[in-house]
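Undergrad: Following this message is one structure expressed as structure tokens.
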Amino acid sequence: MKFFAAFLLSFSLACASAQVSQQVNTFLGSSGDHGQVSPAASYPFSMLSIGPQTYPKLHMGYEHKAKVFKGFTHNRFEGVGCQGSGGNILIRPFINDLASCVLNKVTEAAGAGYYQVAFANGIKAAMAVAKNTGAESYHFPAAGKRGFVIDLSHTLANKFVAEQHEVVANGITGWIDSRTTCNVGTYRVYYALRLNTATKFDALNDHQLLALVNADEVQLNIAFSSVDVAHAKASLNSQTFSAVKSDSEKGWNDVLGRITVKGEPEREKLFYSLLYRTVQSPYLVSETDGTYRATDGTLQKTKGQIYNGWAIWDNYRTQLPLLAILYPERYQYMMNSLVEMYKHGKKDYATQHEPSNTVRTEHAIVVLLDAYRKGFKVDLASIADSLNAEVDRLDFKTPDKALESSYDTWALSQIMNILHEPQKANKYLQKADKYKEYWNKDFKDLTKADVDRVSARGMYQGTIWQYRWLVPFDNKGLVELIGGEQAYLKELDHFFDNDLYTHANEPDIQAPLMYNFTSQPWRSQDLVHKYAVDTVVQYYFNDNSRGIDPFVDVVYQNKPDTYQRTMDDDAGAMSGWFIFAGTGLFPACSGWPVYYLSVPLFKEVQLNGNVNPFTIKVNNYTSDARYITSATLNGRPLERNWITHEEVMKGGTLVITASNKPSPNWSTKNQWMSSINMK
């Protein structure tokens with residue numbers, strides 16, 4: 001009987017996951033300054049993504065409303081600022097006269113793993129990606145000159161550095177160096193490109209080629225590698241667009257199927273469209289034989305997998321913790337990759353020898369501590385000196401950096417305790433505790449005129465009001481600094497009641513959770529639901545402005561101009577926030593294996609990241625019921641509003657009883673509250 005029940009469960013999960021890729025809307029966030037994401041054909045954690053380049057372009061090279069296309073490019077870092085990132089190898093199909101051939105979009109379609117478009121001149125293009133290989137199918141009208149312009153120096157906004165290429169039979173191989181996101185470091189892409197028909201190549205200039213063909217249907221296959229051309233050539237295949245699309249669909253269903261949700265159909269589509277955004281990066285950069293390029297450019301070997309392409313300042317409190325729950329086997333390799341990065345050269349932004357495009361790595365030390373606390377194997381001892389050196393050079397000069405650097409310093413004190421280095425642990429604990437001096441100096445007095453001005457006092461994309469809550473490792477100390485719980489609640493109420501919170505960026509992304517350790521945890525339940533699915537008022541924008549006219553709408557919507565103006569998805573940071581809201585679990589403090597509870601956005605959620613699924617069910621579910629009145633864990637009453645990572649990964653069933661009205665007495669005892677002295 002147990003076997004039959006297990007079979008039914010696995011069968012139902014397989015059926016559910018088989019459909020999830022069909023729920024994804026890849027056009028979400030692809031119009032205007034609303035997310036900075038694209039409908040490019042991609043694959044989970046793949047550095048190769050093939051997508052349209054429009055005129056005018058947005059951060060990702062694409063504007064949903066644009067009709068004029070410039071061609072198709074082969075990588076992009078989804079959701080980041082600095083006017084976008086990537087855009088290597090621009091391929092432009094043309095007919096008849098090259099100069100007068102205009103690609104005007106007539107129809108387009110896209111989904112998880114593929115993109116296709118038809119133009120007014122009769123050219124059609126379709127592309128799909130599976131792992132680090134892709135297939136592009138081009139249809140040309142029967143008459144006239146046909147071919148492609150291939151620009152090997154093209155980027156979205158990064159500076160082109162150098163390239164070398166070799167024309168081979170019906171194709172090209174080579175490498176391209178470009179500047180990383182925000183033009184800080186340099187990354188190199190090795191590639192192999194081949195057409196399935198006789199092709200005549202001519203040089204237009206040093207970095208542009210004209211490829212002429214004499215066929216109505218042309219297939220172009222491409223492969224990327226971070227290691228060398230030989231590995232790119234070895235990965236190159238001749239699969240058709242349909243075959244690659246099918247392989248990609250299988251991969252996406254497996255990855256997206258790690259969560260199954262049951263609720264309103266439109267909300268399910270929004271959920272999976274945002275989950276799709278959380279698994280674009282970091283990128284798998286090692287080859288199947290274990291070879292990879294380290295951040296110092298050297299050739300290395302691993303028995304597992306190596307990842308690169310980080311945006312840790314943005315997503316260390318949302319996207320990365322989500323990956324730890326859903327993909328623990330892959331996350332172990334990601335943590336190994338961070339350890340290796342410390343060994344071979346880690347910069348806050350990027351080195352001059354990155355194996356892929358990347359953004360930034362501040363707070364990697366918090367991520368490693370968090371992973372260790374959650375049971376992942378992290379070789380902290382081998383990088384202890386590097387961690388010490390990193391913390392010793394942290395910047396405390398501006399109010400925001402003082403708090404952020406204190407967080408990293410606290411994480412190091414925790415790590416030194418783990419490594420049985422009590423003197424160093426105490427040294428860094430005392431240094432972290434000095435955040436109180438910085439807090440009293442800049443964040444206590446709220447009467448100054450600049451407390452609601454973005455980037456005041458040299459801060460980065462946030463206000464004094466927003467950054468003052470950024471002490472996740474010591475909320476106990478923060479409450480004491482403010483003057484006790486009643487004073488703390490009064491100021492937190494003022495913050496939210498006057499719409500001083502911004503959901504457009506990460507400085508205060510944890511603030512909605514900050515009632516959970518007070519006598520009013522129901523307020524956090526309300527705020528999580530509100531910012532996930534309700535109409536909100538938002539005055540702050542990422543162009544460093546406090547707008548006169550606020551954003552008044554729902555932040556997360558399944559449409560091209562979702563989010564609020566100037567809001568980046570930031571490599572899954574903001575979409576990851578919604579996914580946690582959808583499940584009813586939220587990381588309480590990166591660095592500690594605890595999640596606060598809220599009412600899920602669905603009647604049932606199942607986390608399938610481990611051997612034993614963890615199911616969350618909601619009694620009295622309605623789309624607006626946002627308050628918890630009671631809960632049980634595996635049939636036993638749960639009187640606390642938090643749960644541990646171990647409890648989640650062990651599997652079981654959490655049942656939450658919901659209501660439209662607060663339950664002021666539930667979970668006001670046995671609360672979890674961070675403290676600088678946690679051990």
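Simple scheme: letters A, B, ... for chains in structure tokens order, numbers from 1 for residues in each chain, numbers from 1 for ligands in the order shown.
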From the DSSP assignment of the backbone, select every residue of segment 38-258 of chain A that is strand (DSSP E), and format the answer as a PyMOL selection string.

TA: chain A and resi 51-55+68-73+90-95+103-111+114-119+124-130+133-139+146-151+160-168+171-179+186-195+199-203+208-213+217-225

Undergrad: Need the shell around Lys65 of chain A: protein/DNA/RNA residues with any atom at most 10 Å away, counting only C-alpha atoms. Skip same-chain ones fewer than 2 positions apart. Format as a short mmCIF file (atom, residue, chain, number, x, y, z; two decimals) with N, CA, C and O atoms, in the first residue's frame?

TA:
```cif
data_model
loop_
_atom_site.label_atom_id
_atom_site.label_comp_id
_atom_site.auth_asym_id
_atom_site.auth_seq_id
_atom_site.Cartn_x
_atom_site.Cartn_y
_atom_site.Cartn_z
N SER A 30 9.50 42.75 -20.29
CA SER A 30 10.33 43.01 -21.47
C SER A 30 9.99 44.31 -22.19
O SER A 30 10.43 44.53 -23.31
N SER A 31 9.21 45.18 -21.53
CA SER A 31 8.85 46.45 -22.15
C SER A 31 9.12 47.60 -21.20
O SER A 31 8.84 47.50 -20.00
N GLY A 32 9.64 48.69 -21.74
CA GLY A 32 9.91 49.85 -20.91
C GLY A 32 10.95 49.54 -19.85
O GLY A 32 11.64 48.52 -19.89
N THR A 54 16.42 44.70 -30.83
CA THR A 54 15.48 45.61 -31.50
C THR A 54 16.04 47.03 -31.56
O THR A 54 17.03 47.37 -30.92
N TYR A 55 15.36 47.85 -32.34
CA TYR A 55 15.59 49.29 -32.31
C TYR A 55 14.26 49.97 -31.99
O TYR A 55 13.28 49.78 -32.71
N PRO A 56 14.18 50.77 -30.92
CA PRO A 56 15.25 51.00 -29.96
C PRO A 56 15.39 49.81 -29.02
O PRO A 56 14.45 49.03 -28.84
N TYR A 62 16.10 44.42 -26.11
CA TYR A 62 14.79 44.15 -26.70
C TYR A 62 13.74 45.05 -26.08
O TYR A 62 13.73 45.25 -24.85
N GLU A 63 12.87 45.58 -26.90
CA GLU A 63 11.68 46.31 -26.46
C GLU A 63 10.46 45.64 -27.08
O GLU A 63 10.36 45.51 -28.31
N LYS A 67 9.12 47.44 -33.43
CA LYS A 67 8.89 46.66 -34.65
C LYS A 67 10.18 46.38 -35.42
O LYS A 67 10.28 45.37 -36.10
N VAL A 68 11.13 47.29 -35.33
CA VAL A 68 12.36 47.15 -36.11
C VAL A 68 13.38 46.30 -35.35
O VAL A 68 13.68 46.59 -34.18
N LYS A 105 9.00 43.53 -37.57
CA LYS A 105 8.27 42.43 -36.93
C LYS A 105 6.80 42.44 -37.32
O LYS A 105 6.14 43.47 -37.28
N PRO A 560 4.21 42.57 -20.18
CA PRO A 560 5.53 43.11 -20.53
C PRO A 560 5.98 44.28 -19.66
O PRO A 560 7.16 44.39 -19.33
#
```

Undergrad: Once you count only C-alpha atoms, what closest atom pair and distance in Å to one decimal does each residue of segment 18-133 of chain A within 6 Å of segment 237-253 of chain A have, with rows by chain and rising residue number, as a tab-separated table?

TA:
```
residue	atom	partner	partner_atom	distance
A:Ala18	CA	A:Asn253	CA	5.7
A:Val20	CA	A:Asn253	CA	5.9
A:Ser21	CA	A:Asn253	CA	5.4
A:Gly113	CA	A:Ser248	CA	5.4
A:Ala128	CA	A:Lys245	CA	5.2
A:Ala130	CA	A:Ser248	CA	4.7
```

Undergrad: Using only C-alpha atoms, pick whichever of A:Asp314, A:Asp570, A:Asp289, A:Glu354 has the shortest atom-to-atom distance to Val189 of chain A.

TA: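 Comparing A:Asp314, A:Asp570, A:Asp289, A:Glu354 against Val189 of chain A, the winner is A:Glu354.
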
Undergrad: Quick one: everything within 8 Å of Trp642 of chain A, counting only C-alpha atoms, minus sequence neighbours fewer than 4 positions away in the same chain. Send it as a list of chain:residue names.

TA: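 My reading of the contact set: A:Val594, A:Tyr595, A:Tyr596, A:Leu597, A:Gln671, A:Trp672.
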
Undergrad: Please report, as a PyMOL selection string, each residue of segment 213-334 of chain A to which DSSP assigns alpha helix (DSSP H) when run on this structure's backbone.

TA: chain A and resi 229-235+241-256+265-278+312-315+319-326+328-334

Undergrad: Any idea what's packed within 12 Å of Lys434 of chain A, counting only C-alpha atoms, ignoring anything in its chain fewer than 2 positions away? Could you give it as a PyMOL selection string?

TA: chain A and resi 396+402-403+405-407+409-410+427-432+436-441+471+474+477+676

Undergrad: A:Ile415, A:Leu633, A:Met514, A:Leu195: which is nearest Cys589 of chain A, counting only C-alpha atoms?

TA: A:Met514
